[in-house]
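File shown: my_file.txt (compact mmCIF, C-alpha atoms).
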# COMPACT_ATOMS: atom_id res chain seq x y z
CA MET A 1 78.88 -33.78 100.64
CA LEU A 2 79.30 -29.99 100.40
CA ALA A 3 83.05 -30.37 100.36
CA SER A 4 82.85 -32.42 97.18
CA LEU A 5 80.76 -29.86 95.28
CA PRO A 6 82.64 -27.78 92.71
CA THR A 7 83.02 -24.16 93.76
CA GLU A 8 81.05 -22.89 90.79
CA LEU A 9 78.10 -25.12 91.67
CA LEU A 10 78.23 -24.00 95.28
CA ARG A 11 78.28 -20.41 94.09
CA GLN A 12 75.18 -21.02 91.97
CA ILE A 13 73.39 -22.57 94.94
CA ILE A 14 74.22 -19.57 97.14
CA GLU A 15 73.24 -17.12 94.41
CA SER A 16 69.89 -18.85 94.00
CA THR A 17 69.05 -18.17 97.66
CA ILE A 18 69.36 -14.40 97.35
CA PRO A 19 67.70 -11.74 95.17
CA ARG A 20 69.88 -10.79 92.22
CA VAL A 21 68.73 -7.16 92.09
CA PHE A 22 68.13 -4.51 94.73
CA HIS A 23 64.73 -4.25 96.30
CA SER A 24 64.08 -2.19 99.44
CA GLN A 25 62.00 -5.00 100.96
CA THR A 26 64.60 -7.72 100.50
CA HIS A 27 68.00 -6.02 100.63
CA ASP A 28 68.64 -6.20 104.39
CA GLU A 29 67.70 -9.87 104.48
CA ARG A 30 69.89 -10.54 101.44
CA GLN A 31 72.89 -8.98 103.13
CA ALA A 32 72.17 -10.75 106.43
CA THR A 33 71.95 -14.12 104.65
CA LEU A 34 75.29 -13.52 102.95
CA CYS A 35 76.90 -12.47 106.26
CA GLN A 36 75.68 -15.71 107.86
CA LEU A 37 76.89 -17.78 104.94
CA SER A 38 80.29 -16.10 105.21
CA LEU A 39 80.61 -17.56 108.69
CA VAL A 40 79.98 -21.17 107.64
CA SER A 41 83.46 -21.98 106.40
CA HIS A 42 86.47 -20.51 104.66
CA ARG A 43 85.16 -21.78 101.33
CA PHE A 44 81.71 -20.30 101.88
CA ARG A 45 83.29 -16.98 102.82
CA GLN A 46 85.28 -16.90 99.60
CA ILE A 47 82.03 -17.16 97.67
CA ALA A 48 79.60 -15.17 99.83
CA GLN A 49 81.76 -12.19 100.75
CA PRO A 50 82.14 -10.78 97.22
CA LEU A 51 78.38 -11.22 96.71
CA LEU A 52 77.86 -8.82 99.62
CA PHE A 53 79.39 -6.12 97.47
CA GLU A 54 77.51 -6.90 94.26
CA ILE A 55 74.66 -4.67 95.36
CA VAL A 56 75.70 -1.63 97.34
CA SER A 57 73.09 0.53 99.06
CA VAL A 58 74.46 3.53 100.94
CA GLN A 59 73.06 6.64 102.55
CA SER A 60 76.24 8.62 102.96
CA PRO A 61 79.19 9.49 100.71
CA GLU A 62 81.55 8.21 103.43
CA LYS A 63 80.01 4.74 103.25
CA LEU A 64 80.42 4.68 99.50
CA GLU A 65 84.08 5.61 99.95
CA THR A 66 84.49 2.79 102.47
CA VAL A 67 82.96 0.28 100.06
CA SER A 68 85.34 1.46 97.33
CA GLU A 69 88.31 1.14 99.69
CA ILE A 70 87.33 -2.40 100.71
CA THR A 71 86.76 -3.62 97.16
CA ASP A 72 89.96 -1.90 95.98
CA GLY A 73 91.89 -3.44 98.86
CA LYS A 74 90.66 -6.92 98.08
CA GLY A 75 91.21 -6.55 94.36
CA TRP A 76 87.50 -6.96 93.64
CA SER A 77 87.23 -4.28 91.01
CA ASP A 78 84.72 -6.29 88.99
CA VAL A 79 82.42 -7.22 91.88
CA ILE A 80 80.07 -4.23 92.19
CA LEU A 81 77.13 -4.49 89.79
CA GLU A 82 74.55 -2.16 91.30
CA VAL A 83 74.84 1.00 93.42
CA ILE A 84 71.97 2.71 95.21
CA CYS A 85 72.71 6.08 96.81
CA GLN A 86 70.01 7.61 98.97
CA ARG A 87 70.20 11.04 100.54
CA ARG A 88 66.75 11.83 101.89
CA TYR A 89 65.23 14.88 103.53
CA ASP A 90 65.01 13.07 106.85
CA ASP A 91 68.65 11.92 106.84
CA ALA A 92 70.82 13.73 109.36
CA ILE A 93 74.00 12.86 107.46
CA ARG A 94 76.60 15.41 106.46
CA GLY A 95 78.26 15.59 103.09
CA SER A 96 77.02 15.26 99.56
CA PHE A 97 77.50 12.63 96.93
CA GLY A 98 79.84 14.20 94.42
CA ARG A 99 82.49 13.80 91.78
CA ARG A 100 84.98 12.20 94.18
CA ASN A 101 82.57 9.33 94.91
CA PHE A 102 82.12 8.61 91.23
CA GLU A 103 85.86 8.69 90.63
CA SER A 104 86.20 5.99 93.31
CA LEU A 105 83.32 4.05 91.79
CA ALA A 106 84.99 4.17 88.41
CA ARG A 107 87.98 2.42 89.97
CA SER A 108 86.10 -0.14 92.04
CA GLY A 109 83.08 -0.73 89.82
CA LYS A 110 84.48 -2.00 86.56
CA ASN A 111 81.34 -4.08 86.02
CA LEU A 112 78.84 -1.54 87.32
CA ARG A 113 75.58 -1.78 85.35
CA THR A 114 72.92 -0.12 87.50
CA VAL A 115 72.93 3.19 89.34
CA ALA A 116 69.99 4.50 91.36
CA LEU A 117 70.30 7.95 92.89
CA ARG A 118 67.76 9.42 95.23
CA LEU A 119 69.24 12.75 96.15
CA GLU A 120 67.51 15.26 98.39
CA ARG A 121 68.93 17.74 100.89
CA GLN A 122 72.42 17.89 99.43
CA GLY A 123 74.41 19.91 96.95
CA VAL A 124 73.52 19.66 93.28
CA LEU A 125 75.23 16.78 91.47
CA ASP A 126 76.32 17.34 87.89
CA LEU A 127 75.30 14.14 86.15
CA SER A 128 78.24 14.37 83.79
CA VAL A 129 80.04 12.42 86.56
CA LEU A 130 78.33 9.38 85.08
CA GLN A 131 80.83 9.65 82.27
CA LEU A 132 83.55 8.78 84.76
CA LEU A 133 82.10 5.29 85.15
CA PRO A 134 83.77 2.51 83.17
CA ARG A 135 83.26 2.84 79.46
CA GLU A 136 85.06 -0.26 78.32
CA SER A 137 82.99 -1.49 75.39
CA SER A 138 83.14 -5.21 76.08
CA ARG A 139 85.48 -7.99 77.00
CA PHE A 140 85.51 -11.75 77.12
CA VAL A 141 85.92 -13.83 80.25
CA PHE A 142 85.97 -17.54 80.92
CA ARG A 143 83.24 -18.75 83.25
CA ALA A 144 82.04 -22.16 84.28
CA GLY A 145 78.69 -22.79 82.68
CA PRO A 146 76.12 -25.61 82.73
CA ARG A 147 77.25 -28.91 81.26
CA GLU A 148 75.97 -29.51 77.76
CA CYS A 149 73.91 -32.67 77.25
CA MET B 1 82.34 -26.77 81.40
CA LEU B 2 84.07 -23.50 80.69
CA THR B 3 82.36 -21.06 78.38
CA ILE B 4 83.44 -17.73 77.03
CA GLN B 5 81.18 -14.97 78.26
CA ARG B 6 81.11 -11.41 77.13
CA ILE B 7 80.97 -8.84 79.89
CA PHE B 8 79.70 -5.36 79.16
CA ALA B 9 81.09 -2.92 81.60
CA GLU B 10 78.95 0.08 80.90
CA LEU B 11 75.95 1.55 82.60
CA ASN B 12 72.75 -0.26 81.55
CA HIS B 13 70.21 1.00 84.07
CA LEU B 14 69.75 4.42 85.63
CA ARG B 15 67.15 5.58 88.16
CA LEU B 16 67.09 9.19 89.30
CA SER B 17 64.83 10.73 91.86
CA GLY B 18 65.08 14.09 93.58
CA GLU B 19 65.80 17.61 92.42
CA LYS B 20 69.53 17.71 93.16
CA PHE B 21 70.77 17.03 89.65
CA GLU B 22 72.01 19.12 86.79
CA ILE B 23 73.51 18.45 83.40
CA THR B 24 76.02 21.14 82.55
CA SER B 25 76.63 19.67 79.11
CA PRO B 26 74.77 16.69 77.65
CA PHE B 27 76.70 13.47 77.27
CA GLU B 28 76.16 10.06 75.74
CA LEU B 29 75.37 6.91 77.72
CA PRO B 30 75.87 4.52 74.81
CA ARG B 31 74.67 1.32 76.46
CA LEU B 32 71.92 2.59 78.70
CA LEU B 33 68.90 0.31 78.27
CA THR B 34 66.51 1.63 80.90
CA ILE B 35 66.00 5.00 82.51
CA CYS B 36 63.60 6.01 85.24
CA LEU B 37 62.95 9.67 85.96
CA ASN B 38 60.40 11.03 88.40
CA SER B 39 58.71 14.40 87.90
CA VAL B 40 61.46 16.30 89.72
CA SER B 41 64.48 14.63 88.17
CA LEU B 42 62.83 14.91 84.74
CA ARG B 43 63.12 18.69 85.03
CA ALA B 44 66.89 18.48 85.40
CA CYS B 45 67.49 15.63 82.96
CA LYS B 46 65.22 16.45 80.05
CA THR B 47 68.17 17.18 77.75
CA LEU B 48 69.33 13.61 78.21
CA LEU B 49 66.11 12.25 76.69
CA ASN B 50 67.39 12.27 73.17
CA PRO B 51 68.34 9.38 70.88
CA VAL B 52 71.69 11.06 70.30
CA TYR B 53 72.60 10.66 73.97
CA LEU B 54 70.71 7.42 74.68
CA PRO B 55 71.09 5.41 71.47
CA SER B 56 70.46 2.02 73.12
CA LEU B 57 67.51 2.98 75.31
CA ARG B 58 64.72 0.37 75.26
CA ASP B 59 62.63 1.06 78.38
CA LEU B 60 61.49 4.37 79.81
CA ALA B 61 59.73 4.86 83.15
CA LEU B 62 58.19 8.14 84.20
CA PRO B 63 56.52 7.45 87.56
CA ASP B 64 54.46 10.32 89.02
CA VAL B 65 54.83 12.35 85.83
CA ASP B 66 51.19 13.29 85.61
CA ASN B 67 50.48 17.00 85.24
CA ALA B 68 50.70 19.67 82.58
CA ASN B 69 53.95 21.11 83.98
CA ASP B 70 55.64 17.71 83.84
CA PHE B 71 54.58 17.23 80.25
CA GLU B 72 55.80 20.70 79.36
CA ASN B 73 59.20 19.55 80.56
CA LEU B 74 58.84 16.43 78.52
CA GLN B 75 57.90 18.46 75.43
CA GLU B 76 61.14 20.39 75.81
CA SER B 77 63.07 17.15 75.50
CA ASN B 78 63.47 15.01 72.41
CA VAL B 79 61.56 12.10 73.91
CA ASP B 80 59.25 11.98 70.87
CA LYS B 81 62.29 11.01 68.79
CA LEU B 82 63.14 8.25 71.27
CA ILE B 83 59.73 6.61 71.03
CA SER B 84 60.45 4.48 67.97
CA GLN B 85 63.36 2.69 69.70
CA LEU B 86 61.46 1.94 72.92
CA ASP B 87 60.07 -1.49 73.74
CA SER B 88 58.23 -0.43 76.86
CA ILE B 89 57.07 2.62 78.75
CA SER B 90 55.88 2.84 82.30
CA LEU B 91 53.49 5.66 83.18
CA TYR B 92 51.13 6.69 85.96
CA TRP B 93 47.54 6.18 84.76
CA ARG B 94 46.45 9.72 85.67
CA CYS B 95 48.74 11.12 82.99
CA VAL B 96 46.40 9.98 80.22
CA ASP B 97 44.55 13.31 80.27
CA CYS B 98 47.53 15.55 79.70
CA ALA B 99 50.06 13.26 78.03
CA PRO B 100 51.13 14.31 74.53
CA GLU B 101 49.63 12.46 71.60
CA TYR B 102 52.77 10.39 70.89
CA LEU B 103 52.59 8.87 74.38
CA ARG B 104 48.84 8.29 74.30
CA ASN B 105 49.23 6.34 71.09
CA LEU B 106 51.51 3.80 72.72
CA ASN B 107 48.89 1.86 74.64
CA ASP B 108 50.27 -1.47 73.41
CA ARG B 109 53.71 -0.73 74.76
CA THR B 110 52.69 1.04 77.98
CA LEU B 111 52.30 -0.38 81.44
CA PHE B 112 50.07 1.95 83.43
CA ASP B 113 50.58 2.09 87.17
CA CYS B 114 47.71 2.63 89.55
CA TYR B 115 48.12 2.92 93.31
CA SER B 116 45.74 0.67 95.20
CA TYR B 117 44.34 3.67 97.09
CA ASP B 118 43.64 5.38 93.78
CA LEU B 119 41.63 2.49 92.42
CA VAL B 120 38.28 4.22 92.96
CA GLY B 121 39.39 7.09 90.75
CA PHE B 122 40.70 4.66 88.16
CA CYS B 123 37.52 2.57 88.06
CA ASN B 124 35.33 5.67 87.77
CA TYR B 125 37.38 7.03 84.93
CA SER B 126 37.01 5.69 81.45
CA ALA B 127 40.65 4.68 81.18
CA HIS B 128 41.55 2.11 78.56
CA PRO B 129 44.88 0.57 79.45
CA ARG B 130 45.90 -2.69 77.83
CA HIS B 131 48.41 -3.37 80.57
CA LEU B 132 47.79 -2.33 84.16
CA ARG B 133 49.85 -2.72 87.32
CA ILE B 134 48.37 -2.07 90.73
CA ILE B 135 51.07 -1.02 93.15
CA HIS B 136 51.26 -0.38 96.90
CA VAL B 137 48.85 -3.13 97.82
CA PRO B 138 47.54 -2.51 101.36
CA LEU B 139 49.15 -4.93 103.77
CA GLY B 140 49.30 -5.64 107.47
CA PRO B 141 46.26 -5.66 109.70
CA ALA B 142 44.10 -3.84 107.12
CA VAL B 143 42.69 -7.06 105.66
CA ASP B 144 39.40 -5.31 104.92
CA ALA B 145 41.16 -2.75 102.75
CA LEU B 146 42.92 -5.49 100.81
CA ALA B 147 39.73 -7.49 100.31
CA THR B 148 37.85 -4.33 99.29
CA TRP B 149 40.23 -3.34 96.53
CA ILE B 150 40.44 -6.88 95.17
CA TYR B 151 36.65 -6.85 94.95
CA ARG B 152 36.71 -3.40 93.32
CA ILE B 153 39.14 -4.31 90.54
CA SER B 154 37.30 -7.60 89.98
CA ARG B 155 33.99 -5.77 89.55
CA TRP B 156 35.59 -3.25 87.20
CA ILE B 157 36.89 -6.07 85.00
CA GLU B 158 33.64 -7.99 85.19
CA THR B 159 31.32 -5.10 84.35
CA HIS B 160 33.49 -3.18 81.87
CA GLN B 161 32.00 -3.30 78.40
CA GLN B 162 34.60 -3.93 75.68
CA LEU B 163 37.40 -4.25 78.17
CA PRO B 164 40.72 -3.43 76.46
CA LEU B 165 42.78 -4.84 79.34
CA ARG B 166 45.01 -7.76 78.33
CA SER B 167 47.29 -8.13 81.34
CA LEU B 168 47.07 -7.25 85.00
CA TYR B 169 50.30 -7.06 87.01
CA LEU B 170 49.83 -7.84 90.69
CA ASP B 171 52.25 -7.97 93.60
CA SER B 172 53.55 -11.45 94.30
CA ILE B 173 52.16 -11.19 97.84
CA LEU B 174 48.80 -11.97 96.22
CA HIS B 175 50.04 -15.12 94.54
CA PRO B 176 47.96 -18.18 95.51
CA THR B 177 50.93 -19.56 97.46
CA ALA B 178 51.42 -16.38 99.51
CA LEU B 179 50.57 -16.16 103.19
CA HIS B 180 47.92 -13.47 102.82
CA LEU B 181 45.82 -15.85 100.81
CA ARG B 182 45.24 -17.89 103.95
CA LEU B 183 42.84 -15.17 105.09
CA PRO B 184 39.40 -16.23 103.86
CA GLU B 185 38.26 -12.74 102.76
CA VAL B 186 41.38 -12.24 100.67
CA ARG B 187 41.41 -15.76 99.28
CA ASP B 188 37.76 -15.54 98.21
CA GLY B 189 38.39 -12.16 96.64
CA MET B 190 41.36 -13.48 94.68
CA ASP B 191 39.37 -16.51 93.52
CA TYR B 192 36.75 -14.09 92.20
CA LEU B 193 39.40 -11.93 90.49
CA VAL B 194 41.07 -14.94 88.88
CA ARG B 195 37.68 -16.16 87.61
CA VAL B 196 36.63 -12.86 86.03
CA CYS B 197 40.07 -12.41 84.49
CA ARG B 198 39.82 -15.85 82.94
CA GLU B 199 36.37 -15.02 81.56
CA LYS B 200 37.57 -11.72 80.10
CA GLU B 201 40.86 -13.18 78.87
CA VAL B 202 42.99 -10.97 81.06
CA GLU B 203 46.26 -12.53 82.09
CA ILE B 204 47.37 -12.02 85.69
CA VAL B 205 51.11 -11.63 86.13
CA PHE B 206 52.55 -11.87 89.63
CA GLU B 207 55.77 -10.01 90.30
CA THR B 208 57.59 -8.28 93.13
CA HIS B 209 56.46 -4.66 92.97
CA PRO B 210 58.30 -1.51 93.96
CA ARG B 211 57.50 -0.37 97.50
CA GLY B 212 60.35 2.03 98.16
CA TRP B 213 59.55 3.28 94.69
CA GLN B 214 62.17 6.01 94.64
CA VAL B 215 64.96 3.43 94.79
CA ASP B 216 63.38 0.13 93.78
CA PRO B 217 63.29 -0.90 90.12
CA ILE B 218 60.16 0.73 88.70
CA LEU B 219 60.05 -1.03 85.40
CA SER B 220 58.38 -4.39 85.44
CA GLU B 221 61.03 -6.87 84.41
CA GLU B 222 58.41 -9.25 83.04
CA PHE B 223 56.61 -6.56 81.05
CA CYS B 224 59.92 -5.40 79.53
CA ARG B 225 60.85 -8.98 78.71
CA ARG B 226 57.56 -9.58 76.93
CA GLN B 227 57.67 -6.31 75.04
CA ARG B 228 61.24 -6.98 74.00
CA GLY B 229 60.13 -10.33 72.62
CA ILE B 230 57.33 -8.67 70.65
CA GLY B 231 59.72 -5.98 69.39
CA GLU B 232 62.28 -8.53 68.25
CA LYS B 233 59.59 -10.53 66.50
CA GLU B 234 58.37 -7.43 64.67
CA HIS B 235 61.88 -6.48 63.63
CA GLY B 236 62.51 -10.09 62.57
CA ASN B 237 59.47 -9.95 60.33

Could you express the structure from this file as structure tokens?
Amino acid sequence: MLASLPTELLRQIIESTIPRVFHSQTHDERQATLCQLSLVSHRFRQIAQPLLFEIVSVQSPEKLETVSEITDGKGWSDVILEVICQRRYDDAIRGSFGRRNFESLARSGKNLRTVALRLERQGVLDLSVLQLLPRESSRFVFRAGPREC
Amino acid sequence: MLTIQRIFAELNHLRLSGEKFEITSPFELPRLLTICLNSVSLRACKTLLNPVYLPSLRDLALPDVDNANDFENLQESNVDKLISQLDSISLYWRCVDCAPEYLRNLNDRTLFDCYSYDLVGFCNYSAHPRHLRIIHVPLGPAVDALATWIYRISRWIETHQQLPLRSLYLDSILHPTALHLRLPEVRDGMDYLVRVCREKEVEIVFETHPRGWQVDPILSEEFCRRQRGIGEKEHGN
């Protein structure tokens, strides 16, 4: 039965099983669910894998770079919607989030809408880097929508 | 069927927490709809709070901004000029004493946050919020603590003369279908709370609340949605 479902419908079913925004209580489970779904079949992987990168939560600049490299490599420049960067007092991670990270994000996050930064114990970040993020005013895309009655 | 959808590829939501920020020269975020600044990030970002730089801003959250120093920082910004374009504001209830007049006058548009452990202080204080959210509900083995605060807020609503409260935002873990409600003390407490709210015409809104509040969305999506609806209706009229 699953094989006969249109991809867009399958995508909507998968999307409905996971939170659509970041929440600290649900994020790990969201990502784990998507990882499991990616293992179901080739078709499931095509849908679930990009969703893994819709919400990116990282604690080190290196991880953010890795995410950018992966999404760049796969040609998913419009996949990332939300980025959460945490650098807390109790993190024993080296390096600071800086301009270079936002330059990468600008490339790999063409559809980025939400940024949450919790920065402690690192160098000062000049927020003018936010200007590097995509500033395309708007564009039109074709998407499968619900059937009209 | 295929539809044409418009995609906006600009930053809509920004949450900043921590002191490691600076703005060397102010800049415009033309499509930013919501911004959340805590007391520390407010210090660094106050220049940004200006309708010139945030022309589309609709929702402002200032969690833990609650003392005179914080409001001095706020006074140095142009937040007062932003007020007219805002649909909703999220503030910590303890700020009511020292908040500037223009914020205190926005009771209709403000969702006040109260931590569950701070409920005693809230109930003893003559606060008059129209919209209240109780966050950081005690969980786990401390069932007594959970039952106690449900009782406390219920009593406050029941005994308050001329209660201004119109809506109470509670964590979805207290929804009648949630597991915690299987515990008799908690279930009875919630039944009591629902009853007094019905009597006093206070609507209870269940929603997932921020726990890791420095990274989780602070603004209540439902509150913003409702306020936006009211705002659009007013502008339509």

Q) Which residues, written as an MDAnalysis selection string, have at least one atom at most 9 Å from Arg43 of chain A, with all atoms listed in the file counted and residues fewer than 5 positions away on the same chain left out? A) chainID A and resid 3 7 38 48

With C-alpha atoms retained, write the just-selected residues as a CSV table (one decimal), in the coordinates of the input.
chain,number,residue,atom,x,y,z
A,3,ALA,CA,83.0,-30.4,100.4
A,7,THR,CA,83.0,-24.2,93.8
A,38,SER,CA,80.3,-16.1,105.2
A,48,ALA,CA,79.6,-15.2,99.8

**Q.** Which residue of B:Leu49, B:Val194, B:Leu111, B:Ala178 approaches Leu165 of chain B most closely, using all atoms listed in the file
**A.**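 Under the stated criterion, the closest residue is B:Leu111.
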
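In this comparison, which uses only C-alpha atoms, the residue of A:Leu132, A:Val40, A:Val115, A:Leu34 approaching Phe27 of chain B most closely is A:Leu132.
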
Q | Residues of chain B within 10 Å of chain A, all atoms listed in the file counted, as a ChimeraX atom specification | A | /B:1-36,41,44-45,48,208-217

Q. Neighbours of Val143 of chain B within 12 Å (only C-alpha atoms; same-chain residues fewer than 4 positions away dropped), as JSON, numbers by chain?
A. {"B": [137, 138, 139, 147, 148, 149, 150, 180, 181, 182, 183, 184, 185, 186, 187, 189]}

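Within 7 Å of Ala61 of chain B, once all atoms listed in the file are used and residues closer than 5 positions along the same chain are dropped, the contacting residues are Ile35, Cys36, Leu37, Ile89, Ser90, Leu91, Ile218 and Leu219 of chain B.
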
Written selection (C-alpha atoms) as a tab-separated table (two decimals), in the coordinates of the input:
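Full text of out_18.tsv as output:
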chain	number	residue	atom	x	y	z
B	35	ILE	CA	66.00	5.00	82.51
B	36	CYS	CA	63.60	6.01	85.24
B	37	LEU	CA	62.95	9.67	85.96
B	89	ILE	CA	57.07	2.62	78.75
B	90	SER	CA	55.88	2.84	82.30
B	91	LEU	CA	53.49	5.66	83.18
B	218	ILE	CA	60.16	0.73	88.70
B	219	LEU	CA	60.05	-1.03	85.40

**Q.** Gap from atom CA of Pro176 of chain B to atom CA of Lys200 of chain B - Å, one decimal
**A.** 19.7 Å

**Q.** Length of the atom CA of Glu103 of chain A to atom CA of Glu65 of chain A vector [Å]
**A.**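 Here the two named atoms are 10.0 Å from each other.
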
Dump segment 43-92 of chain A with C-alpha atoms to a file, as a PDB file, in the first residue's frame.
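The resulting file, part_19.pdb, is reproduced below:
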ATOM      1  CA  ARG A  43      12.085   6.083  -0.908  1.00  0.00           C
ATOM      2  CA  PHE A  44      11.709   6.819   2.797  1.00  0.00           C
ATOM      3  CA  ARG A  45      15.340   7.911   2.947  1.00  0.00           C
ATOM      4  CA  GLN A  46      14.819  10.373   0.108  1.00  0.00           C
ATOM      5  CA  ILE A  47      12.077  12.019   2.145  1.00  0.00           C
ATOM      6  CA  ALA A  48      13.357  11.684   5.717  1.00  0.00           C
ATOM      7  CA  GLN A  49      17.019  12.552   5.238  1.00  0.00           C
ATOM      8  CA  PRO A  50      16.510  16.178   4.159  1.00  0.00           C
ATOM      9  CA  LEU A  51      14.075  16.633   7.066  1.00  0.00           C
ATOM     10  CA  LEU A  52      16.958  15.779   9.410  1.00  0.00           C
ATOM     11  CA  PHE A  53      18.624  18.983   8.282  1.00  0.00           C
ATOM     12  CA  GLU A  54      15.564  21.234   8.488  1.00  0.00           C
ATOM     13  CA  ILE A  55      16.288  21.925  12.141  1.00  0.00           C
ATOM     14  CA  VAL A  56      19.960  22.066  13.026  1.00  0.00           C
ATOM     15  CA  SER A  57      21.049  22.196  16.663  1.00  0.00           C
ATOM     16  CA  VAL A  58      24.806  22.365  17.210  1.00  0.00           C
ATOM     17  CA  GLN A  59      27.133  23.058  20.099  1.00  0.00           C
ATOM     18  CA  SER A  60      30.327  23.646  18.200  1.00  0.00           C
ATOM     19  CA  PRO A  61      31.331  25.719  15.165  1.00  0.00           C
ATOM     20  CA  GLU A  62      32.899  22.591  13.635  1.00  0.00           C
ATOM     21  CA  LYS A  63      29.551  20.792  13.665  1.00  0.00           C
ATOM     22  CA  LEU A  64      27.887  23.718  11.953  1.00  0.00           C
ATOM     23  CA  GLU A  65      30.590  23.610   9.278  1.00  0.00           C
ATOM     24  CA  THR A  66      29.993  19.880   8.824  1.00  0.00           C
ATOM     25  CA  VAL A  67      26.256  20.439   8.395  1.00  0.00           C
ATOM     26  CA  SER A  68      26.959  23.120   5.786  1.00  0.00           C
ATOM     27  CA  GLU A  69      29.347  20.805   3.949  1.00  0.00           C
ATOM     28  CA  ILE A  70      26.811  17.957   3.892  1.00  0.00           C
ATOM     29  CA  THR A  71      23.922  20.109   2.687  1.00  0.00           C
ATOM     30  CA  ASP A  72      26.171  21.818   0.120  1.00  0.00           C
ATOM     31  CA  GLY A  73      27.426  18.440  -1.073  1.00  0.00           C
ATOM     32  CA  LYS A  74      23.928  17.085  -1.532  1.00  0.00           C
ATOM     33  CA  GLY A  75      22.658  20.231  -3.197  1.00  0.00           C
ATOM     34  CA  TRP A  76      20.169  20.870  -0.386  1.00  0.00           C
ATOM     35  CA  SER A  77      20.692  24.597  -0.138  1.00  0.00           C
ATOM     36  CA  ASP A  78      17.015  25.216   0.607  1.00  0.00           C
ATOM     37  CA  VAL A  79      16.611  22.540   3.282  1.00  0.00           C
ATOM     38  CA  ILE A  80      17.750  24.271   6.494  1.00  0.00           C
ATOM     39  CA  LEU A  81      14.942  26.272   8.096  1.00  0.00           C
ATOM     40  CA  GLU A  82      16.076  26.669  11.686  1.00  0.00           C
ATOM     41  CA  VAL A  83      19.515  26.832  13.313  1.00  0.00           C
ATOM     42  CA  ILE A  84      20.199  26.659  17.035  1.00  0.00           C
ATOM     43  CA  CYS A  85      23.767  27.336  18.168  1.00  0.00           C
ATOM     44  CA  GLN A  86      24.577  26.746  21.810  1.00  0.00           C
ATOM     45  CA  ARG A  87      27.904  27.521  23.427  1.00  0.00           C
ATOM     46  CA  ARG A  88      27.414  27.191  27.170  1.00  0.00           C
ATOM     47  CA  TYR A  89      29.654  27.826  30.151  1.00  0.00           C
ATOM     48  CA  ASP A  90      29.859  24.120  30.869  1.00  0.00           C
ATOM     49  CA  ASP A  91      30.839  23.137  27.312  1.00  0.00           C
ATOM     50  CA  ALA A  92      34.437  22.027  26.977  1.00  0.00           C
TER      51      ALA A  92
END
